[in-house]
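Okay, entry-v4.cif now, which holds mmCIF, C-alpha atoms:
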```cif
data_entry
loop_
_atom_site.label_atom_id
_atom_site.label_comp_id
_atom_site.auth_asym_id
_atom_site.auth_seq_id
_atom_site.Cartn_x
_atom_site.Cartn_y
_atom_site.Cartn_z
CA MET A 1 -34.64 0.04 5.64
CA GLU A 2 -33.59 -1.05 9.11
CA ARG A 3 -32.90 2.52 10.13
CA PRO A 4 -35.50 4.71 8.47
CA LEU A 5 -34.44 7.72 10.54
CA ARG A 6 -31.05 7.79 8.85
CA LEU A 7 -32.68 8.38 5.47
CA ILE A 8 -33.74 11.87 6.49
CA SER A 9 -30.21 13.26 6.74
CA ALA A 10 -29.38 13.54 3.01
CA ASN A 11 -26.91 10.70 2.42
CA PRO A 12 -24.42 11.65 5.13
CA VAL A 13 -22.26 8.63 4.22
CA ASP A 14 -21.09 10.61 1.19
CA ALA A 15 -19.57 13.25 3.43
CA LEU A 16 -18.00 10.55 5.58
CA ALA A 17 -16.61 8.86 2.46
CA ARG A 18 -14.92 12.11 1.43
CA THR A 19 -13.35 12.41 4.87
CA LEU A 20 -12.07 8.82 4.69
CA GLU A 21 -10.70 9.50 1.22
CA ALA A 22 -8.66 12.35 2.64
CA LEU A 23 -7.41 10.32 5.60
CA LEU A 24 -6.36 7.45 3.36
CA VAL A 25 -4.56 9.62 0.84
CA VAL A 26 -2.51 11.26 3.58
CA ALA A 27 -1.70 7.99 5.37
CA SER A 28 1.53 6.15 4.61
CA GLN A 29 0.32 2.89 6.11
CA PRO A 30 -2.98 1.02 6.24
CA LEU A 31 -5.57 2.51 8.61
CA SER A 32 -7.90 0.28 10.59
CA VAL A 33 -11.64 0.88 10.68
CA ASP A 34 -11.28 1.97 14.32
CA GLU A 35 -8.58 4.50 13.48
CA LEU A 36 -10.68 5.86 10.63
CA ALA A 37 -13.80 6.03 12.79
CA GLN A 38 -11.94 7.86 15.54
CA ALA A 39 -10.35 10.37 13.17
CA ALA A 40 -13.61 10.97 11.28
CA GLY A 41 -15.58 11.16 14.51
CA ASP A 42 -18.12 8.64 13.29
CA GLU A 43 -19.31 5.13 14.03
CA ALA A 44 -17.29 2.11 12.87
CA GLU A 45 -20.35 0.63 11.19
CA ARG A 46 -20.91 3.72 9.04
CA VAL A 47 -17.19 3.87 8.25
CA GLU A 48 -17.42 0.35 6.85
CA THR A 49 -20.39 1.34 4.70
CA ALA A 50 -18.45 4.33 3.41
CA LEU A 51 -15.41 2.15 2.73
CA GLY A 52 -17.64 -0.13 0.65
CA LEU A 53 -18.68 2.92 -1.35
CA LEU A 54 -15.05 3.98 -1.83
CA GLY A 55 -14.00 0.44 -2.74
CA GLU A 56 -16.49 0.54 -5.59
CA ARG A 57 -15.12 3.85 -6.83
CA TYR A 58 -11.43 2.99 -6.41
CA ARG A 59 -11.00 -0.36 -8.04
CA GLU A 60 -8.86 -1.92 -10.75
CA GLY A 61 -10.02 -0.94 -14.21
CA ARG A 62 -11.96 2.05 -12.99
CA SER A 63 -9.35 4.14 -11.26
CA GLY A 64 -5.59 4.61 -11.17
CA ILE A 65 -5.88 4.57 -7.40
CA VAL A 66 -7.08 1.33 -5.86
CA LEU A 67 -8.47 0.94 -2.35
CA GLU A 68 -7.47 -2.34 -0.78
CA GLN A 69 -7.89 -4.14 2.49
CA VAL A 70 -4.38 -5.08 3.57
CA ALA A 71 -2.30 -5.66 6.72
CA GLY A 72 -5.29 -5.33 9.00
CA GLY A 73 -6.47 -2.03 7.55
CA TRP A 74 -7.38 -0.05 4.46
CA ALA A 75 -4.94 1.66 2.13
CA PHE A 76 -4.65 3.20 -1.30
CA ARG A 77 -2.22 1.85 -3.86
CA GLY A 78 -1.48 2.34 -7.52
CA SER A 79 -3.42 0.25 -10.00
CA ARG A 80 -1.69 -2.71 -11.59
CA GLU A 81 -2.29 -1.10 -14.95
CA ALA A 82 0.07 1.69 -13.97
CA ALA A 83 2.68 -0.61 -12.39
CA GLU A 84 5.11 -0.31 -15.30
CA ALA A 85 5.08 3.47 -15.12
CA CYS A 86 5.40 3.34 -11.32
CA GLY A 87 8.35 0.98 -11.68
CA ARG A 88 10.19 3.51 -13.82
CA LEU A 89 10.01 6.12 -11.10
CA PHE A 90 9.83 4.17 -7.83
CA GLU A 91 11.48 1.14 -6.29
CA ARG A 92 9.51 -1.69 -4.77
CA PRO A 93 10.19 -2.57 -1.11
CA VAL A 94 11.55 -5.92 -2.31
CA GLU A 95 12.86 -4.99 -5.72
CA ARG A 96 15.13 -7.92 -6.51
CA GLY A 97 13.15 -10.73 -4.95
CA LEU A 98 14.26 -12.91 -2.04
CA SER A 99 16.66 -15.84 -1.85
CA GLN A 100 15.40 -19.33 -1.09
CA ALA A 101 16.93 -19.09 2.41
CA ALA A 102 15.22 -15.73 3.00
CA LEU A 103 11.85 -17.06 1.83
CA GLU A 104 12.12 -20.11 4.08
CA THR A 105 13.13 -18.01 7.07
CA LEU A 106 10.27 -15.64 6.34
CA ALA A 107 7.90 -18.61 6.13
CA VAL A 108 9.06 -19.91 9.54
CA VAL A 109 8.66 -16.48 11.16
CA ALA A 110 5.28 -15.86 9.48
CA TYR A 111 3.84 -19.22 10.49
CA MET A 112 5.62 -19.95 13.77
CA GLY A 113 6.36 -16.40 14.94
CA PRO A 114 7.25 -14.82 17.11
CA CYS A 115 10.33 -17.01 17.17
CA SER A 116 14.03 -16.65 17.88
CA ARG A 117 17.09 -17.31 15.72
CA PRO A 118 17.76 -20.72 17.32
CA GLU A 119 14.16 -21.70 16.66
CA VAL A 120 14.36 -20.65 13.02
CA ALA A 121 17.68 -22.48 12.71
CA ARG A 122 16.06 -25.61 14.12
CA TRP A 123 13.31 -25.43 11.53
CA ARG A 124 15.66 -24.80 8.66
CA GLY A 125 18.51 -26.97 9.96
CA VAL A 126 21.15 -24.34 9.16
CA ALA A 127 22.43 -21.09 10.65
CA VAL A 128 20.24 -18.12 9.79
CA ASP A 129 21.94 -15.08 11.36
CA SER A 130 22.73 -13.19 8.17
CA VAL A 131 19.37 -14.07 6.63
CA ILE A 132 17.53 -12.71 9.68
CA ALA A 133 19.65 -9.54 9.62
CA GLY A 134 18.80 -9.07 5.94
CA LEU A 135 15.07 -9.47 6.52
CA VAL A 136 15.16 -7.03 9.44
CA GLU A 137 16.95 -4.52 7.24
CA ARG A 138 14.29 -4.87 4.55
CA GLY A 139 11.66 -4.27 7.22
CA LEU A 140 9.89 -7.58 6.57
CA ILE A 141 10.50 -8.88 10.09
CA ALA A 142 11.10 -7.02 13.35
CA GLU A 143 12.11 -7.79 16.89
CA ALA A 144 9.22 -8.80 19.13
CA GLY A 145 10.43 -9.20 22.68
CA ARG A 146 12.59 -11.96 24.07
CA GLU A 147 12.14 -15.57 25.03
CA PRO A 148 11.05 -15.96 28.65
CA GLY A 149 13.80 -16.28 31.23
CA ALA A 150 16.98 -14.34 31.86
CA GLY A 151 19.04 -13.67 28.76
CA GLY A 152 16.34 -15.08 26.47
CA ALA A 153 17.01 -14.89 22.74
CA VAL A 154 15.41 -12.06 20.76
CA ARG A 155 12.22 -13.10 19.01
CA TYR A 156 11.07 -11.95 15.60
CA ARG A 157 7.71 -11.53 13.93
CA VAL A 158 6.66 -10.40 10.49
CA THR A 159 5.78 -6.72 10.04
CA PRO A 160 2.77 -4.98 8.49
CA LEU A 161 5.11 -4.22 5.58
CA PHE A 162 5.43 -7.97 5.03
CA GLU A 163 1.66 -8.21 4.75
CA ARG A 164 1.57 -5.28 2.34
CA VAL A 165 4.40 -6.55 0.13
CA PHE A 166 2.74 -9.95 -0.12
CA GLY A 167 -0.73 -8.41 -0.46
CA LEU A 168 -2.20 -10.14 2.58
CA GLU A 169 -5.30 -8.88 4.34
CA SER A 170 -3.82 -10.34 7.52
CA LEU A 171 -1.65 -13.29 8.52
CA ALA A 172 -4.83 -15.37 8.52
CA ALA A 173 -4.79 -14.99 4.72
CA LEU A 174 -1.72 -17.26 4.51
CA PRO A 175 -2.57 -20.74 3.25
CA ARG A 176 -2.85 -23.27 6.06
CA LEU A 177 0.44 -25.06 6.65
CA GLU A 178 -1.32 -28.43 6.72
CA GLU A 179 -2.57 -27.86 3.20
CA LEU A 180 0.86 -27.04 1.85
CA GLY A 181 3.50 -29.35 0.44
CA GLY A 182 1.59 -31.95 -1.52
CA ASP A 183 4.70 -32.65 -3.59
CA ALA A 184 5.59 -35.78 -1.61
CA GLU A 185 2.40 -37.41 -2.83
CA GLU A 186 3.17 -36.36 -6.36
CA LEU A 187 6.71 -37.78 -6.17
CA ARG A 188 5.43 -41.05 -4.80
CA GLY A 189 2.92 -41.18 -7.64
CA ARG A 190 5.58 -40.67 -10.27
CA LEU A 191 7.82 -43.34 -8.72
CA GLU A 192 4.96 -45.80 -8.57
CA ALA A 193 4.04 -45.10 -12.20
CA LEU A 194 7.62 -45.82 -13.21
CA ALA A 195 7.69 -49.02 -11.19
CA GLU A 196 4.60 -50.23 -13.01
CA ARG A 197 6.13 -49.52 -16.39
CA ARG A 198 9.08 -51.70 -15.53
CA PRO A 199 8.11 -55.18 -14.42
CA ALA A 200 10.64 -56.60 -11.95
CA MET B 1 25.47 -46.14 -17.79
CA SER B 2 27.46 -43.92 -15.48
CA VAL B 3 25.88 -42.76 -12.26
CA ARG B 4 28.31 -39.90 -11.89
CA GLU B 5 27.35 -38.43 -15.24
CA LEU B 6 23.64 -38.54 -14.43
CA GLU B 7 22.26 -35.20 -15.53
CA LEU B 8 20.20 -33.51 -12.82
CA ASP B 9 17.74 -30.66 -13.15
CA LEU B 10 16.77 -29.66 -9.62
CA ASP B 11 15.62 -26.36 -8.16
CA ALA B 12 18.90 -25.84 -6.35
CA PHE B 13 21.24 -27.45 -8.86
CA GLU B 14 21.55 -28.23 -12.55
CA GLY B 15 24.34 -30.45 -13.87
CA PRO B 16 25.95 -33.86 -13.49
CA PHE B 17 25.59 -35.85 -10.26
CA ASP B 18 29.31 -35.93 -9.45
CA LEU B 19 29.52 -32.13 -9.62
CA LEU B 20 26.68 -31.97 -7.11
CA LEU B 21 28.57 -34.37 -4.83
CA THR B 22 31.73 -32.29 -5.14
CA LEU B 23 29.89 -29.07 -4.33
CA VAL B 24 28.18 -30.66 -1.33
CA LEU B 25 31.45 -32.05 0.02
CA LYS B 26 33.11 -28.67 -0.42
CA GLU B 27 30.13 -27.19 1.41
CA GLU B 28 29.50 -24.83 -1.49
CA LEU B 29 25.99 -26.16 -1.78
CA GLY B 30 23.74 -26.61 1.26
CA LEU B 31 22.32 -30.10 1.40
CA ALA B 32 19.17 -28.71 2.93
CA GLU B 33 18.50 -27.06 -0.43
CA VAL B 34 19.02 -30.28 -2.40
CA ASP B 35 15.97 -32.34 -3.23
CA VAL B 36 17.28 -35.91 -2.87
CA ALA B 37 13.95 -37.33 -4.00
CA GLY B 38 14.47 -35.43 -7.25
CA ILE B 39 17.83 -37.16 -7.72
CA VAL B 40 16.27 -40.56 -7.11
CA LEU B 41 13.52 -39.77 -9.58
CA ALA B 42 16.00 -38.66 -12.24
CA PHE B 43 17.97 -41.87 -11.79
CA VAL B 44 14.92 -44.13 -11.88
CA GLU B 45 13.59 -42.39 -14.96
CA ARG B 46 16.93 -42.78 -16.67
CA LEU B 47 16.96 -46.44 -15.65
CA ALA B 48 13.48 -46.93 -17.08
CA GLU B 49 14.63 -45.64 -20.47
CA ARG B 50 17.11 -48.52 -20.77
CA GLU B 51 16.28 -52.03 -21.81
CA GLU B 52 18.32 -53.95 -19.25
CA LEU B 53 18.90 -53.40 -15.56
CA ASP B 54 22.41 -52.09 -14.85
CA LEU B 55 23.13 -53.63 -11.46
CA ASP B 56 26.53 -51.97 -11.05
CA ALA B 57 25.01 -48.58 -11.61
CA CYS B 58 22.17 -49.32 -9.22
CA GLY B 59 24.60 -50.41 -6.51
CA GLU B 60 26.77 -47.34 -6.91
CA PHE B 61 23.77 -45.09 -6.93
CA LEU B 62 22.36 -46.64 -3.77
CA VAL B 63 25.62 -46.12 -1.90
CA LEU B 64 25.94 -42.50 -3.01
CA VAL B 65 22.34 -41.60 -2.29
CA ALA B 66 22.45 -43.33 1.10
CA ALA B 67 25.53 -41.30 2.03
CA LEU B 68 23.83 -38.13 0.83
CA LEU B 69 20.72 -38.94 2.86
CA GLU B 70 22.71 -39.61 5.99
CA LEU B 71 24.51 -36.28 5.60
CA LYS B 72 21.19 -34.53 5.09
CA ALA B 73 19.58 -36.31 8.04
CA ARG B 74 22.42 -35.26 10.32
CA GLY B 75 22.11 -31.74 9.00
CA LEU B 76 18.52 -31.62 10.22
CA PHE B 77 19.75 -32.11 13.77
CA ALA B 78 21.68 -28.96 14.49
CA ASP B 79 23.21 -30.70 17.48
CA GLY B 80 24.59 -34.10 16.55
CA ALA B 81 24.46 -35.34 20.14
CA GLU B 82 20.69 -34.91 20.07
CA LEU B 83 20.51 -37.71 17.51
CA GLU B 84 22.92 -40.01 19.36
CA ASP B 85 20.72 -39.98 22.46
CA LEU B 86 17.75 -41.50 20.64
CA GLU B 87 16.94 -45.10 19.90
CA PRO B 88 17.10 -45.87 16.15
CA GLU B 89 13.30 -46.03 15.84
CA GLU B 90 12.86 -42.82 17.79
CA ALA B 91 15.51 -41.12 15.70
CA ALA B 92 13.77 -42.26 12.52
CA GLU B 93 10.45 -40.95 13.79
CA GLU B 94 11.93 -37.65 14.88
CA LEU B 95 13.67 -37.36 11.54
CA ALA B 96 10.48 -38.06 9.64
CA ARG B 97 8.70 -35.44 11.72
CA ARG B 98 11.34 -32.83 11.05
CA LEU B 99 11.48 -33.65 7.35
CA GLU B 100 7.73 -33.23 7.19
CA GLU B 101 7.97 -29.90 9.02
CA TYR B 102 10.75 -28.78 6.76
CA ARG B 103 8.86 -29.84 3.66
CA ARG B 104 5.86 -27.78 4.76
CA ILE B 105 8.04 -24.77 5.45
CA LYS B 106 9.64 -25.20 2.04
CA ALA B 107 6.20 -25.33 0.48
CA ALA B 108 5.21 -22.20 2.43
CA ALA B 109 8.39 -20.50 1.19
CA GLU B 110 7.49 -21.49 -2.35
CA TRP B 111 4.02 -20.06 -1.92
CA LEU B 112 5.51 -16.82 -0.60
CA GLY B 113 7.94 -16.69 -3.53
CA GLU B 114 5.12 -17.07 -6.05
CA ARG B 115 3.03 -14.55 -4.17
CA LEU B 116 5.90 -12.05 -4.23
CA VAL B 117 6.06 -12.30 -8.03
CA ALA B 118 2.28 -12.14 -8.41
CA GLU B 119 2.04 -9.05 -6.20
CA ARG B 120 4.96 -7.27 -7.86
CA ASP B 121 2.65 -4.81 -9.54
CA ARG B 122 1.34 -3.36 -6.31
CA PHE B 123 2.88 0.02 -5.68
CA PHE B 124 1.96 1.82 -2.50
CA ARG B 125 3.10 4.72 -0.42
CA LEU B 126 5.74 4.00 2.18
CA GLY B 127 7.28 6.23 4.72
CA PRO B 128 7.04 7.54 8.19
CA ALA B 129 3.51 8.18 9.37
CA PRO B 130 2.55 11.85 9.42
CA LEU B 131 2.85 13.29 12.88
CA ALA B 132 -0.33 12.99 14.85
CA PRO B 133 -1.37 15.87 17.10
CA ARG B 134 -1.43 14.03 20.40
CA GLY B 135 -3.43 15.48 23.27
CA GLU B 136 -3.33 19.27 22.88
CA ARG B 137 -1.94 20.96 26.00
CA ARG B 138 -2.91 24.50 26.80
CA LEU B 139 -0.75 26.42 29.24
CA ALA B 140 -2.05 29.26 31.34
CA GLU B 141 -0.30 32.64 31.16
CA GLN B 142 3.02 32.36 32.94
CA ASP B 143 5.12 34.95 34.72
CA PRO B 144 8.67 34.97 33.25
CA GLU B 145 9.91 35.82 36.76
CA ALA B 146 8.85 32.29 37.85
CA LEU B 147 11.24 30.85 35.28
CA ALA B 148 14.07 33.07 36.52
CA ALA B 149 13.32 32.01 40.10
CA ALA B 150 13.43 28.37 39.10
CA LEU B 151 16.78 28.92 37.38
CA ARG B 152 18.16 30.70 40.41
CA MET B 153 17.14 27.76 42.55
CA LEU B 154 19.01 25.46 40.21
CA ALA B 155 22.12 27.65 40.34
CA ALA B 156 22.23 27.72 44.17
CA GLU B 157 24.80 25.53 45.85
CA PRO B 158 22.99 22.52 47.28
CA PRO B 159 23.28 22.08 51.05
CA GLU B 160 25.97 19.70 52.14
CA VAL B 161 24.54 16.25 52.70
CA SER B 162 24.97 14.96 56.20
CA LEU B 163 26.49 11.52 56.47
CA SER B 164 26.25 11.34 60.22
CA HIS B 165 23.54 8.68 60.12
CA LEU B 166 25.91 6.41 58.18
CA GLU B 167 28.56 6.53 60.91
CA LEU B 168 28.34 3.50 63.16
CA ARG B 169 29.89 3.95 66.51
CA PHE B 170 31.08 0.74 68.03
CA PRO B 171 32.04 1.06 71.67
CA PRO B 172 34.86 -1.39 72.44
CA VAL B 173 33.81 -4.78 73.80
CA SER B 174 36.40 -4.39 76.54
CA GLN B 175 34.44 -1.48 77.98
CA PHE B 176 31.50 -3.80 78.68
CA LEU B 177 33.77 -6.63 79.86
CA GLU B 178 35.12 -4.35 82.56
CA ARG B 179 31.71 -3.00 83.41
CA PHE B 180 30.16 -6.48 83.80
CA ARG B 181 33.12 -7.79 85.79
CA ALA B 182 32.84 -4.84 88.15
CA LEU B 183 29.12 -5.40 88.44
CA LEU B 184 29.58 -9.08 89.26
CA GLY B 185 32.17 -8.08 91.86
CA ARG B 186 29.44 -6.23 93.68
CA ARG B 187 26.49 -8.53 92.95
CA ARG B 188 26.18 -12.29 92.41
CA ARG B 189 23.71 -11.96 89.56
CA PHE B 190 22.11 -9.31 87.38
CA ASP B 191 19.54 -8.99 84.65
CA PHE B 192 21.13 -8.27 81.26
CA ASP B 193 18.10 -6.49 79.82
CA GLN B 194 17.83 -4.17 82.77
CA GLU B 195 21.53 -3.42 82.59
CA VAL B 196 21.54 -2.41 78.95
CA ALA B 197 18.15 -0.69 78.94
CA GLY B 198 18.52 2.83 77.60
CA LEU B 199 21.56 2.01 75.45
CA SER B 200 21.49 2.19 71.68
CA ARG B 201 21.01 -0.97 69.59
CA ILE B 202 24.66 -0.98 68.63
CA GLU B 203 25.73 -0.64 72.27
CA GLN B 204 23.35 -3.40 73.28
CA ALA B 205 24.81 -5.64 70.59
CA VAL B 206 28.36 -4.96 71.77
CA ALA B 207 27.28 -5.58 75.36
CA PHE B 208 25.88 -8.92 74.28
CA LEU B 209 29.19 -9.78 72.63
CA ALA B 210 30.91 -9.00 75.91
CA LEU B 211 28.47 -11.31 77.65
CA LEU B 212 29.31 -14.15 75.26
CA GLU B 213 32.99 -13.45 75.77
CA LEU B 214 32.59 -13.77 79.55
CA ARG B 215 30.58 -16.95 79.13
CA ARG B 216 33.28 -18.43 76.93
CA SER B 217 35.97 -17.76 79.49
CA GLY B 218 33.78 -19.42 82.12
CA GLU B 219 33.43 -16.30 84.28
CA ILE B 220 29.66 -16.27 84.18
CA SER B 221 26.70 -18.53 83.61
CA LEU B 222 23.66 -17.51 81.59
CA GLU B 223 20.04 -18.34 82.01
CA GLN B 224 17.03 -17.60 79.88
CA ALA B 225 13.60 -19.10 80.62
CA ALA B 226 12.34 -18.89 77.06
CA PRO B 227 13.32 -17.26 73.78
CA PHE B 228 13.16 -13.47 74.18
CA ALA B 229 12.74 -13.82 77.94
CA PRO B 230 15.11 -11.74 80.13
CA ILE B 231 18.65 -13.04 80.20
CA ARG B 232 19.92 -13.61 83.72
CA VAL B 233 23.64 -13.41 84.28
CA ALA B 234 25.22 -15.03 87.33
CA ARG B 235 28.81 -15.13 88.61
CA ALA B 236 30.32 -18.57 88.03
CA VAL B 237 31.33 -19.45 91.56
CA GLY B 238 32.17 -23.10 91.39
CA GLY B 239 33.16 -22.93 87.72
CA ARG B 240 32.18 -26.34 86.31
CA GLU B 241 29.33 -27.13 88.69
CA GLU B 242 27.42 -24.04 87.96
CA GLU B 243 28.15 -24.37 84.28
CA GLU B 244 26.68 -27.86 84.16
CA ALA B 245 23.63 -26.68 86.02
CA TRP B 246 23.24 -23.96 83.40
CA SER B 247 23.56 -26.46 80.54
CA ALA B 248 20.97 -28.69 82.11
CA ARG B 249 18.58 -25.80 82.49
CA SER B 250 19.05 -24.55 79.02
CA ALA B 251 18.56 -28.05 77.64
#
```
structure tokens encoding of this file:
Amino acid sequence: MERPLRLISANPVDALARTLEALLVVASQPLSVDELAQAAGDEAERVETALGLLGERYREGRSGIVLEQVAGGWAFRGSREAAEACGRLFERPVERGLSQAALETLAVVAYMGPCSRPEVARWRGVAVDSVIAGLVERGLIAEAGREPGAGGAVRYRVTPLFERVFGLESLAALPRLEELGGDAEELRGRLEALAERRPA
Amino acid sequence: MSVRELELDLDAFEGPFDLLLTLVLKEELGLAEVDVAGIVLAFVERLAEREELDLDACGEFLVLVAALLELKARGLFADGAELEDLEPEEAAEELARRLEEYRRIKAAAEWLGERLVAERDRFFRLGPAPLAPRGERRLAEQDPEALAAALRMLAAEPPEVSLSHLELRFPPVSQFLERFRALLGRRRRFDFDQEVAGLSRIEQAVAFLALLELRRSGEISLEQAAPFAPIRVARAVGGREEEEAWSARSA
């Protein structure tokens, strides 16, 4: 309605949507709206409209291919329905899960990153060298420059693969650190309840 | 009731309390992973189940848990000296801050762990990105002879590099000593700049060294009105007298 002129050219978004479909099926990593717009030779705004169209077509329950917004871009993935079948043929990037130490290190790097080994060690209170090496090997974290100054320690940040594996639109989709860890309150509550049950 | 047989069911450990202590002391279990609050809770709950208060057990438990907490607190400071430098209150505050940070990170790790399980069913394509055709370059028709010429140029012996400019020629200082002495034999004074004009920088420098040498042996006196002004050289006739006059002037 805002752009009546556009209505004359018989639904050109459909053609754009088909182009985006092709780009996304060929891609092996999420494509940003800008990348898609540049490749399709169209405006970012129209690309977003077309992506909305595609998102409706490729969604859980309707299609075996699902379009998702992940790691700062758009990508196709298999539907959850077909996960069992996929699992028989393909391996997940993190097939056997992660150890507690690996998860904590990943949490430090995701929230505090980029940060160096000594910084991660300070947060976790223990040495982290082998854990970091393991996460780098899995492709969940990667080197991101060095600390300022001569001979600064290598810094690490989480990778787009991390965002994909954890199904995050971006790092902003992580829960806020301040809102995490309410278990101290819960513990205190339980202790107080016990104290009340037992008069001194 | 025995404290050591207290059954624990923590995230990082399941079993009796004394086994946990043994594992921690043998460093087979990281204390950072152990939820001490969980141990306290298990003990208090167990205590609540009983009719009477077992003071011996409480005392033993307090000592063990205090030791465990101290170990854990020290573990949070990677560098023990860091803790020693602080006042007790400051250390307690710093410790509380770090525990809080650590607890949040642990909670974040837990969230990530749950997320990993919840998102297990997402399969997606992974692999190197397809090659992108970057900036097409079109070359004009080329003459193969140009390539041959370029190769021939590469094959040619490069001209020998001249090192002559690296060779510094230092005329001996003695040459200038003799020259200045002879000059002063003929004249009472001369102008250094005029004398060395036309010589190379190196020669001028050596000449200057000769001048200093003569000055040191008291054969001449030197005079310069201002920095970078012409240096006047005079024969030291009276020796000391003239030298003092020169010092006074230069001062």
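Nearest-residue note for chain B: choosing from A:Ala101, A:Ala173, A:Ala153, A:Leu135, the minimum distance belongs to A:Ala101, counting all atoms listed in the file.
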Give the residues of chain A that lie within 6 Å of chain B; count all atoms listed in the file, and format the answer as a list of chain:residue names.
A:Ser28, A:Arg77, A:Gly78, A:Arg80, A:Ala83, A:Leu103, A:Glu104, A:Ala107, A:Gly125, A:Phe166, A:Leu180, A:Gly181
Using only C-alpha atoms, the residue out of B:Ala210, B:Gln204, B:Val3, B:Val173 with shortest distance to Val63 in chain B is B:Val3
Computed interatomic separation between CA of Val206 in chain B and CA of Glu223 in chain B (Å)
18.8 Å
For this file, the PyMOL selection byres ((chain A and resi 163) around 10) selects which residues, as a ChimeraX atom specification?
/A:70-72,110,140,158-162,164-171,173-174
Write the residues you've just listed into a file as a PDB file, in the coordinates of the input, and include C-alpha atoms for each of them.
```
ATOM      1  CA  VAL A  70      -4.380  -5.080   3.570  1.00  0.00           C
ATOM      2  CA  ALA A  71      -2.300  -5.660   6.720  1.00  0.00           C
ATOM      3  CA  GLY A  72      -5.290  -5.330   9.000  1.00  0.00           C
ATOM      4  CA  ALA A 110       5.280 -15.860   9.480  1.00  0.00           C
ATOM      5  CA  LEU A 140       9.890  -7.580   6.570  1.00  0.00           C
ATOM      6  CA  VAL A 158       6.660 -10.400  10.490  1.00  0.00           C
ATOM      7  CA  THR A 159       5.780  -6.720  10.040  1.00  0.00           C
ATOM      8  CA  PRO A 160       2.770  -4.980   8.490  1.00  0.00           C
ATOM      9  CA  LEU A 161       5.110  -4.220   5.580  1.00  0.00           C
ATOM     10  CA  PHE A 162       5.430  -7.970   5.030  1.00  0.00           C
ATOM     11  CA  ARG A 164       1.570  -5.280   2.340  1.00  0.00           C
ATOM     12  CA  VAL A 165       4.400  -6.550   0.130  1.00  0.00           C
ATOM     13  CA  PHE A 166       2.740  -9.950  -0.120  1.00  0.00           C
ATOM     14  CA  GLY A 167      -0.730  -8.410  -0.460  1.00  0.00           C
ATOM     15  CA  LEU A 168      -2.200 -10.140   2.580  1.00  0.00           C
ATOM     16  CA  GLU A 169      -5.300  -8.880   4.340  1.00  0.00           C
ATOM     17  CA  SER A 170      -3.820 -10.340   7.520  1.00  0.00           C
ATOM     18  CA  LEU A 171      -1.650 -13.290   8.520  1.00  0.00           C
ATOM     19  CA  ALA A 173      -4.790 -14.990   4.720  1.00  0.00           C
ATOM     20  CA  LEU A 174      -1.720 -17.260   4.510  1.00  0.00           C
TER      21      LEU A 174
END
```
